[in-house]
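Data from input_31.cif: mmCIF, C-alpha atoms and all ligand atoms
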```
data_structure
loop_
_atom_site.label_atom_id
_atom_site.label_comp_id
_atom_site.auth_asym_id
_atom_site.auth_seq_id
_atom_site.Cartn_x
_atom_site.Cartn_y
_atom_site.Cartn_z
CA MET A 1 -14.85 -14.92 -3.76
CA ILE A 2 -14.31 -11.39 -5.07
CA ILE A 3 -13.56 -8.59 -2.59
CA ASP A 4 -13.22 -5.04 -3.88
CA THR A 5 -10.71 -3.60 -1.42
CA HIS A 6 -11.14 0.05 -2.41
CA THR A 7 -14.55 1.72 -2.68
CA HIS A 8 -16.22 4.90 -1.49
CA LEU A 9 -19.86 5.13 -0.48
CA LEU A 10 -20.87 8.72 0.14
CA ASP A 11 -23.73 10.44 1.91
CA VAL A 12 -24.32 14.19 2.21
CA GLY A 13 -21.47 15.91 4.07
CA HIS A 14 -18.86 13.18 3.62
CA TRP A 15 -16.59 15.16 1.28
CA PRO A 16 -15.60 18.81 1.77
CA ASP A 17 -16.48 22.17 0.16
CA GLN A 18 -13.02 22.43 -1.36
CA TRP A 19 -13.61 19.24 -3.33
CA TRP A 20 -17.01 20.33 -4.73
CA ASP A 21 -15.52 23.73 -5.62
CA TRP A 22 -12.72 22.04 -7.52
CA VAL A 23 -15.11 19.76 -9.44
CA ALA A 24 -17.29 22.76 -10.37
CA GLU A 25 -14.30 24.77 -11.64
CA ASP A 26 -13.00 21.77 -13.55
CA TRP A 27 -16.39 21.25 -15.20
CA ALA A 28 -16.62 24.95 -16.10
CA SER A 29 -13.10 25.01 -17.57
CA LYS A 30 -13.98 22.30 -20.08
CA LYS A 31 -16.27 24.50 -22.17
CA PRO A 32 -16.17 28.27 -22.74
CA GLY A 33 -19.19 30.00 -21.26
CA ARG A 34 -19.88 27.36 -18.62
CA GLN A 35 -20.33 28.77 -15.11
CA ALA A 36 -19.02 26.83 -12.12
CA ALA A 37 -21.66 28.44 -9.90
CA ALA A 38 -24.43 27.00 -12.05
CA VAL A 39 -23.51 23.43 -11.21
CA ARG A 40 -21.69 23.74 -7.86
CA GLY A 41 -24.77 23.05 -5.75
CA ARG A 42 -25.81 19.95 -7.68
CA ILE A 43 -22.58 17.95 -7.80
CA GLU A 44 -22.79 16.25 -4.43
CA GLU A 45 -26.19 14.68 -5.10
CA GLY A 46 -24.68 12.86 -8.08
CA LEU A 47 -22.15 11.13 -5.85
CA ILE A 48 -24.24 10.00 -2.93
CA ASP A 49 -25.77 6.58 -2.36
CA SER A 50 -27.35 7.03 1.08
CA SER A 51 -28.89 3.58 1.42
CA GLY A 52 -26.03 1.69 -0.24
CA ALA A 53 -28.57 0.12 -2.62
CA ARG A 54 -26.74 1.25 -5.75
CA MET A 55 -23.42 -0.07 -4.44
CA LEU A 56 -24.97 -3.47 -3.77
CA SER A 57 -26.73 -3.71 -7.12
CA ARG A 58 -23.55 -2.75 -9.00
CA MET A 59 -21.63 -5.37 -7.04
CA ASP A 60 -24.28 -7.93 -8.08
CA GLN A 61 -23.91 -6.95 -11.74
CA ALA A 62 -20.16 -7.39 -11.58
CA GLY A 63 -20.04 -10.54 -9.43
CA VAL A 64 -18.35 -8.73 -6.54
CA ASP A 65 -19.18 -10.43 -3.24
CA MET A 66 -17.90 -7.84 -0.78
CA SER A 67 -16.64 -4.26 -0.86
CA VAL A 68 -14.46 -2.39 1.60
CA LEU A 69 -15.95 1.05 2.36
CA LEU A 70 -13.31 3.73 2.89
CA PRO A 71 -14.40 6.90 4.70
CA ILE A 72 -12.02 9.87 4.74
CA ASP A 73 -11.19 12.09 7.71
CA TRP A 74 -10.31 15.28 5.84
CA GLY A 75 -8.84 16.93 8.94
CA PRO A 76 -8.74 20.57 10.01
CA ASP A 77 -7.85 22.16 6.65
CA PHE A 78 -11.16 21.35 4.96
CA THR A 79 -14.68 22.60 5.60
CA GLY A 80 -18.26 21.55 5.16
CA THR A 81 -17.96 17.94 6.29
CA LEU A 82 -19.83 16.11 9.02
CA PRO A 83 -17.77 15.05 12.05
CA ILE A 84 -15.82 11.91 11.11
CA THR A 85 -17.59 10.03 13.92
CA GLU A 86 -20.87 10.45 12.04
CA VAL A 87 -19.31 9.34 8.77
CA VAL A 88 -17.90 6.18 10.35
CA ASP A 89 -21.23 5.54 12.11
CA LYS A 90 -22.79 5.57 8.65
CA MET A 91 -20.31 2.95 7.38
CA LEU A 92 -21.11 0.72 10.37
CA ASP A 93 -24.83 1.15 9.76
CA LEU A 94 -24.54 0.34 6.03
CA SER A 95 -22.51 -2.73 6.88
CA ASP A 96 -25.12 -3.93 9.39
CA ARG A 97 -27.82 -3.67 6.74
CA SER A 98 -25.82 -5.40 3.99
CA ASP A 99 -25.61 -8.94 5.31
CA GLY A 100 -21.85 -8.57 5.69
CA ARG A 101 -21.24 -7.58 2.07
CA LEU A 102 -20.12 -4.03 2.88
CA ILE A 103 -17.02 -4.04 5.06
CA PRO A 104 -16.69 -0.91 7.20
CA PHE A 105 -13.36 0.83 7.68
CA GLY A 106 -12.73 3.90 9.81
CA GLY A 107 -10.84 6.99 8.69
CA ILE A 108 -8.81 9.16 11.03
CA ASP A 109 -6.56 12.20 10.94
CA PRO A 110 -4.05 11.42 13.73
CA ARG A 111 -3.77 15.13 14.58
CA GLY A 112 -7.25 15.16 16.13
CA ASP A 113 -7.65 15.02 19.93
CA GLY A 114 -8.11 11.49 21.23
CA ALA A 115 -7.64 9.95 17.78
CA ALA A 116 -6.29 6.63 19.08
CA GLU A 117 -9.13 6.27 21.64
CA ARG A 118 -11.65 6.94 18.91
CA VAL A 119 -10.15 4.22 16.72
CA ILE A 120 -10.24 1.73 19.61
CA GLU A 121 -13.93 2.50 20.12
CA TRP A 122 -14.64 1.99 16.41
CA PHE A 123 -12.90 -1.40 16.46
CA GLU A 124 -15.10 -2.39 19.41
CA ARG A 125 -18.12 -1.43 17.31
CA GLY A 126 -17.08 -3.37 14.22
CA ILE A 127 -14.74 -1.55 11.86
CA ARG A 128 -12.33 -3.97 10.16
CA GLY A 129 -9.50 -1.58 9.35
CA LEU A 130 -8.56 2.04 8.70
CA LYS A 131 -8.21 4.19 5.61
CA LEU A 132 -5.52 6.85 6.12
CA TYR A 133 -4.87 9.79 3.85
CA PRO A 134 -1.64 11.64 4.79
CA SER A 135 -2.09 14.00 1.82
CA CYS A 136 -4.80 15.74 3.85
CA GLY A 137 -1.81 17.35 5.57
CA TRP A 138 -0.14 15.08 8.12
CA ASP A 139 3.10 13.19 8.47
CA PRO A 140 2.66 9.39 8.33
CA THR A 141 5.68 8.92 10.60
CA SER A 142 4.55 11.32 13.35
CA ASP A 143 4.19 10.05 16.93
CA ALA A 144 0.42 10.50 16.78
CA ALA A 145 0.25 8.39 13.62
CA MET A 146 2.47 5.70 15.16
CA GLU A 147 0.06 5.46 18.07
CA ILE A 148 -2.75 4.68 15.61
CA TYR A 149 -0.71 1.98 13.85
CA ALA A 150 0.00 0.32 17.20
CA VAL A 151 -3.75 0.09 17.85
CA CYS A 152 -4.25 -1.59 14.48
CA GLU A 153 -1.24 -3.90 14.72
CA ALA A 154 -2.45 -5.20 18.10
CA ARG A 155 -5.65 -6.31 16.34
CA ARG A 156 -3.90 -7.42 13.12
CA ALA A 157 -6.28 -5.02 11.38
CA PRO A 158 -5.25 -3.59 8.01
CA VAL A 159 -4.43 0.04 7.37
CA LEU A 160 -5.02 1.20 3.81
CA PHE A 161 -2.91 4.24 2.98
CA HIS A 162 -3.68 6.33 -0.03
CA THR A 163 -0.51 6.22 -2.15
CA GLY A 164 0.07 7.74 -5.59
CA HIS A 165 -1.41 10.93 -6.95
CA PRO A 166 -3.97 12.28 -4.49
CA LEU A 167 -7.21 14.10 -5.28
CA PRO A 168 -6.26 17.41 -6.94
CA VAL A 169 -6.93 19.55 -3.84
CA LEU A 170 -4.36 17.65 -1.75
CA GLU A 171 -0.56 17.57 -1.25
CA ALA A 172 1.03 15.03 -3.60
CA GLU A 173 4.40 14.36 -1.98
CA ARG A 174 2.84 12.97 1.21
CA SER A 175 1.40 10.15 -0.89
CA ASN A 176 4.79 8.80 -1.94
CA PRO A 177 4.79 5.20 -0.63
CA LEU A 178 8.45 5.51 0.43
CA HIS A 179 7.29 7.51 3.48
CA LEU A 180 5.75 4.26 4.72
CA LYS A 181 8.95 2.25 4.79
CA ASP A 182 9.69 3.20 8.40
CA VAL A 183 6.12 2.34 9.34
CA VAL A 184 6.51 -1.12 7.82
CA LEU A 185 9.81 -1.69 9.63
CA GLU A 186 8.41 -0.52 12.96
CA PHE A 187 5.16 -2.52 12.70
CA PRO A 188 6.03 -5.80 10.96
CA ASP A 189 2.75 -7.48 11.95
CA LEU A 190 0.57 -4.65 10.68
CA PRO A 191 -1.16 -5.44 7.37
CA VAL A 192 -0.23 -2.34 5.36
CA TRP A 193 -2.32 -1.93 2.23
CA LEU A 194 -0.68 0.42 -0.27
CA GLY A 195 -3.82 1.93 -1.80
CA HIS A 196 -3.49 2.35 -5.60
CA ALA A 197 0.06 0.89 -5.32
CA GLY A 198 1.49 4.34 -6.05
CA ALA A 199 -0.52 4.94 -9.26
CA PRO A 200 0.35 6.43 -11.63
CA VAL A 201 3.89 7.47 -10.69
CA TRP A 202 5.34 5.44 -7.81
CA TRP A 203 5.10 1.76 -8.79
CA ALA A 204 8.80 1.04 -8.16
CA GLU A 205 8.55 2.76 -4.78
CA ALA A 206 5.42 0.80 -3.86
CA LEU A 207 7.13 -2.46 -4.78
CA GLU A 208 10.21 -1.49 -2.76
CA VAL A 209 8.08 -0.84 0.34
CA THR A 210 6.27 -4.14 -0.22
CA LYS A 211 9.61 -5.93 -0.15
CA SER A 212 10.49 -4.32 3.19
CA GLY A 213 7.92 -6.23 5.27
CA PRO A 214 5.99 -9.51 5.20
CA ASN A 215 2.51 -8.01 5.57
CA VAL A 216 2.54 -5.25 2.97
CA ARG A 217 0.04 -5.57 0.11
CA LEU A 218 -0.29 -3.80 -3.21
CA GLU A 219 -3.90 -2.69 -3.63
CA MET A 220 -4.07 -2.30 -7.40
CA SER A 221 -6.98 0.10 -8.01
CA VAL A 222 -6.73 2.97 -10.52
CA TRP A 223 -3.97 1.35 -12.67
CA LEU A 224 -6.88 0.03 -14.73
CA TRP A 225 -9.90 2.17 -15.57
CA ASP A 226 -13.03 1.36 -17.57
CA ASP A 227 -11.51 3.08 -20.62
CA SER A 228 -8.20 1.18 -20.43
CA ASP A 229 -7.19 -0.31 -23.76
CA MET A 230 -5.40 -3.58 -24.49
CA ASP A 231 -1.97 -1.98 -24.12
CA ALA A 232 -2.92 -0.80 -20.63
CA GLU A 233 -4.13 -4.31 -19.74
CA ILE A 234 -0.84 -5.80 -20.91
CA GLU A 235 1.15 -3.19 -18.99
CA PHE A 236 -0.94 -3.98 -15.90
CA THR A 237 -0.31 -7.70 -16.40
CA ARG A 238 3.43 -7.00 -16.43
CA LYS A 239 3.10 -5.26 -13.05
CA ILE A 240 1.14 -8.15 -11.58
CA LEU A 241 3.78 -10.60 -12.84
CA GLU A 242 6.65 -8.44 -11.60
CA ALA A 243 5.16 -8.26 -8.10
CA GLY A 244 3.87 -11.83 -8.06
CA GLU A 245 7.21 -13.27 -9.13
CA SER A 246 9.33 -11.07 -6.84
CA VAL A 247 7.28 -10.80 -3.62
CA GLY A 248 4.48 -13.31 -4.19
CA PHE A 249 0.93 -13.28 -5.47
CA ASP A 250 -0.25 -13.16 -1.85
CA ARG A 251 0.81 -9.47 -1.84
CA LEU A 252 -1.62 -8.37 -4.54
CA MET A 253 -5.21 -7.28 -4.09
CA PHE A 254 -8.07 -6.47 -6.43
CA GLY A 255 -9.47 -2.96 -5.91
CA THR A 256 -11.33 -0.49 -8.12
CA ASP A 257 -11.88 2.90 -6.43
CA HIS A 258 -15.54 2.44 -7.22
CA VAL A 259 -17.91 5.22 -6.10
CA SER A 260 -21.60 4.34 -6.25
CA GLY A 261 -23.26 7.72 -6.91
CA VAL A 262 -25.54 8.00 -9.94
CA LYS A 263 -23.36 10.59 -11.72
CA ILE A 264 -19.91 9.14 -11.06
CA ARG A 265 -18.36 6.09 -12.71
CA GLN A 266 -20.25 4.64 -15.66
CA PRO A 267 -22.78 1.87 -14.93
CA GLY A 268 -20.42 -0.57 -16.67
CA PHE A 269 -17.38 0.52 -14.64
CA LEU A 270 -17.29 -2.33 -12.15
CA PRO A 271 -18.03 -5.22 -14.57
CA SER A 272 -15.43 -3.93 -17.00
CA ILE A 273 -12.66 -3.71 -14.38
CA VAL A 274 -13.54 -7.18 -13.07
CA GLY A 275 -13.38 -8.47 -16.65
CA MET A 276 -9.91 -7.00 -17.14
CA TYR A 277 -8.65 -8.74 -13.99
CA GLN A 278 -10.16 -12.01 -15.16
CA ARG A 279 -8.19 -11.75 -18.38
CA LEU A 280 -4.89 -11.60 -16.46
CA PRO A 281 -4.04 -15.33 -16.92
CA GLU A 282 -4.69 -15.02 -20.65
CA HIS A 283 -2.39 -12.00 -21.00
CA ALA A 284 0.25 -13.62 -18.78
CA ALA A 285 0.29 -16.67 -21.06
CA ARG A 286 0.76 -14.44 -24.07
CA LEU A 287 3.77 -12.88 -22.31
CA GLY A 288 5.21 -16.35 -21.72
CA HIS A 289 4.33 -16.48 -18.00
CA ALA A 290 1.55 -18.00 -15.96
CA ILE A 291 -0.91 -16.92 -13.29
CA SER A 292 -2.60 -19.97 -11.78
CA PRO A 293 -6.24 -20.21 -10.64
CA ASP A 294 -5.02 -20.28 -7.02
CA GLN A 295 -2.97 -17.13 -7.56
CA MET A 296 -5.99 -15.46 -9.17
CA SER A 297 -8.19 -16.29 -6.21
CA LEU A 298 -5.61 -14.79 -3.86
CA ILE A 299 -5.62 -11.56 -5.86
CA MET A 300 -9.39 -11.34 -6.28
CA GLY A 301 -10.24 -11.84 -2.61
CA GLY A 302 -8.16 -14.45 -0.80
CA VAL A 303 -5.49 -12.06 0.45
CA ALA A 304 -8.04 -9.50 1.61
CA ALA A 305 -10.14 -12.18 3.32
CA ARG A 306 -7.11 -13.30 5.28
CA ASP A 307 -6.16 -9.78 6.38
CA LEU A 308 -9.77 -9.01 7.29
CA GLY A 309 -10.14 -12.18 9.34
CA LEU A 310 -12.87 -13.50 7.03
CA ASP A 311 -11.16 -16.86 6.56
CA THR A 312 -13.53 -19.76 6.95
ZN ZN A 401 -10.22 6.08 -3.24
#
```

Please express what this file holds, its structure, as C-alpha cells.
Ligand SMILES: [Zn+2]
Amino acid sequence: MIIDTHTHLLDVGHWPDQWWDWVAEDWASKKPGRQAAAVRGRIEEGLIDSSGARMLSRMDQAGVDMSVLLPIDWGPDFTGTLPITEVVDKMLDLSDRSDGRLIPFGGIDPRGDGAAERVIEWFERGIRGLKLYPSCGWDPTSDAAMEIYAVCEARRAPVLFHTGHPLPVLEAERSNPLHLKDVVLEFPDLPVWLGHAGAPVWWAEALEVTKSGPNVRLEMSVWLWDDSDMDAEIEFTRKILEAGESVGFDRLMFGTDHVSGVKIRQPGFLPSIVGMYQRLPEHAARLGHAISPDQMSLIMGGVAARDLGLDT
C-alpha cells in the first residue's frame, strides 16, 4: 500500500493574498516587460481542485492508494482566506466522498481563541491528525501549542510540522526542526511527523530530533522533485540508509508535497517521484547496502498506516 503523507488539495480561499502576490511578482520578475498585475487574478484557479477529482486520478496514475490532505491555518498575519473551520470542513467532505482514499488532517494556529476545543471537535468529526506551520508566526513550544499537542497525544494522532525552508512569504527560522526537540521530549507518545525532514538545509537536525523520541518520523517530501537527476537520487538513497540504519526504517515515510491544481506540478510529477522511491533498493545495492521489501513497504505506507490507525 502506498500512502502519500504530504499533499495539498486547494479550493478558492484556502491560501492567502500574500501568497498570490508573491507568485505574481515572481512570475513577472522572470521576464522583462511582464506585469504581475496581468496574471495576479488568474493564479489561484490554476491551483484549485474543488472536487478532488484531479487528485484522485493522479493518484491512480501513480499507484498511490491514499493521500494525506494538509490544510493550513495561516493565522492572523495573512489576509484573504476563508475561516480555517471552512477549510477543514472541506477536507472532511472530500474525504467522505473519496471512499477513504483522501485522509483529512486539520490545521490550526494555536494563537486563535479556543484552538484546542476546535481541534477536539474536528477529531470527533473525523480528522486523523494535524498539520502545523509555526513559520506562519508562532512559537512551537508556547503553552497554547503544548495544549494542542496534548489533545493529539491523547488520541495517538500524528502532528505533521512543516520543517525546512518555508514558503517564501514566511519566517524561515521557525521551521528549524531543533525547535521540536522539547516537544518530542514532553510528548513521547505523540507521533511527530517532521514534514520535509528539514529540506533542504536541516537534515542533520531532523535526524537528531528523530533520535530524541520513539515516535518521530521523517516525512521525506521535497528532497526529491520530478526534475531530480541520478545524483540527487543517490544522495537521497544515502539519507534513507543513514536514517534507516541509525534510527530504523520504521521512522521514514513517503511524501511528495503534491498539489493537484491544473497549473501546478507537471502531470508526470507523482508517477516520477513514486518511481524514484521504487528505485531505492537498486541504488542501495549499488552503494553496498540493502533495503529489503519489508523496509520498502514500511516507507511507502506501512509506517503512516500504523500512525493513522489504518492497520488491518
Ligand atoms: Zn506542503

Using all atoms listed in the file, which of the listed residues (A:Met1, A:Ile120, A:Val68, A:Val201) sits closest to ligand ZN 401 (chain A)?
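With all atoms listed in the file as the atom set, the closest residue is A:Val68.
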
With distances taken over all atoms listed in the file, which of A:Glu45, A:Ala157, A:Ser51, A:Arg111 is nearest to Asp96 (chain A)?
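Of all the options, A:Ser51 lies closest to Asp96 (chain A).
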
Please identify the residues whose atoms come within 7 Å of ligand ZN 401 (chain A), using only C-alpha atoms and all ligand atoms, and report them as a PyMOL selection string.
chain A and resi 6-8+257

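Compared by their closest atoms to Ala243 (chain A), and using all atoms listed in the file, the residues A:Phe123, A:His179, A:Trp203, A:Ala145 rank with A:Trp203 nearest.
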
So the first atom is CA of Val259 (chain A) and the second is CA of Asp49 (chain A); what is the distance between them in Å, to one decimal place?
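Distance reported for this atom pair: 8.8 Å.
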
Option closest in space to Val192 (chain A), from A:Arg58, A:Lys263, A:Arg217, A:Lys211 [counting all atoms listed in the file]
A:Arg217

Can you fill out region 85-100 of chain A with N, CA and C atoms and hand it back as a PDB file, in the frame of the given file?
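Once written, selection03.pdb looks like this:
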```pdb
ATOM      1  N   THR A  85     -16.868  11.055  13.146  1.00  0.00           N
ATOM      2  CA  THR A  85     -17.590  10.030  13.920  1.00  0.00           C
ATOM      3  C   THR A  85     -18.917   9.688  13.242  1.00  0.00           C
ATOM      4  N   GLU A  86     -19.589  10.717  12.712  1.00  0.00           N
ATOM      5  CA  GLU A  86     -20.870  10.450  12.040  1.00  0.00           C
ATOM      6  C   GLU A  86     -20.667   9.706  10.734  1.00  0.00           C
ATOM      7  N   VAL A  87     -19.581  10.019  10.046  1.00  0.00           N
ATOM      8  CA  VAL A  87     -19.310   9.340   8.770  1.00  0.00           C
ATOM      9  C   VAL A  87     -19.018   7.855   9.027  1.00  0.00           C
ATOM     10  N   VAL A  88     -18.224   7.583  10.044  1.00  0.00           N
ATOM     11  CA  VAL A  88     -17.900   6.180  10.350  1.00  0.00           C
ATOM     12  C   VAL A  88     -19.146   5.452  10.879  1.00  0.00           C
ATOM     13  N   ASP A  89     -19.961   6.143  11.666  1.00  0.00           N
ATOM     14  CA  ASP A  89     -21.230   5.540  12.110  1.00  0.00           C
ATOM     15  C   ASP A  89     -22.045   5.080  10.902  1.00  0.00           C
ATOM     16  N   LYS A  90     -22.032   5.903   9.859  1.00  0.00           N
ATOM     17  CA  LYS A  90     -22.790   5.570   8.650  1.00  0.00           C
ATOM     18  C   LYS A  90     -22.247   4.292   7.994  1.00  0.00           C
ATOM     19  N   MET A  91     -20.921   4.157   7.964  1.00  0.00           N
ATOM     20  CA  MET A  91     -20.310   2.950   7.380  1.00  0.00           C
ATOM     21  C   MET A  91     -20.716   1.711   8.181  1.00  0.00           C
ATOM     22  N   LEU A  92     -20.723   1.856   9.514  1.00  0.00           N
ATOM     23  CA  LEU A  92     -21.110   0.720  10.370  1.00  0.00           C
ATOM     24  C   LEU A  92     -22.570   0.351  10.136  1.00  0.00           C
ATOM     25  N   ASP A  93     -23.399   1.373   9.983  1.00  0.00           N
ATOM     26  CA  ASP A  93     -24.830   1.150   9.760  1.00  0.00           C
ATOM     27  C   ASP A  93     -25.065   0.462   8.404  1.00  0.00           C
ATOM     28  N   LEU A  94     -24.398   0.951   7.367  1.00  0.00           N
ATOM     29  CA  LEU A  94     -24.540   0.340   6.030  1.00  0.00           C
ATOM     30  C   LEU A  94     -24.093  -1.116   6.061  1.00  0.00           C
ATOM     31  N   SER A  95     -23.014  -1.361   6.775  1.00  0.00           N
ATOM     32  CA  SER A  95     -22.510  -2.730   6.880  1.00  0.00           C
ATOM     33  C   SER A  95     -23.541  -3.634   7.554  1.00  0.00           C
ATOM     34  N   ASP A  96     -24.111  -3.137   8.656  1.00  0.00           N
ATOM     35  CA  ASP A  96     -25.120  -3.930   9.390  1.00  0.00           C
ATOM     36  C   ASP A  96     -26.292  -4.316   8.492  1.00  0.00           C
ATOM     37  N   ARG A  97     -26.640  -3.413   7.575  1.00  0.00           N
ATOM     38  CA  ARG A  97     -27.820  -3.670   6.740  1.00  0.00           C
ATOM     39  C   ARG A  97     -27.477  -4.373   5.427  1.00  0.00           C
ATOM     40  N   SER A  98     -26.226  -4.828   5.280  1.00  0.00           N
ATOM     41  CA  SER A  98     -25.820  -5.400   3.990  1.00  0.00           C
ATOM     42  C   SER A  98     -25.546  -6.896   4.060  1.00  0.00           C
ATOM     43  N   ASP A  99     -25.857  -7.518   5.186  1.00  0.00           N
ATOM     44  CA  ASP A  99     -25.610  -8.940   5.310  1.00  0.00           C
ATOM     45  C   ASP A  99     -24.108  -9.256   5.196  1.00  0.00           C
ATOM     46  N   GLY A 100     -23.304  -8.348   5.690  1.00  0.00           N
ATOM     47  CA  GLY A 100     -21.850  -8.570   5.690  1.00  0.00           C
ATOM     48  C   GLY A 100     -21.155  -8.278   4.377  1.00  0.00           C
TER      49      GLY A 100
END
```
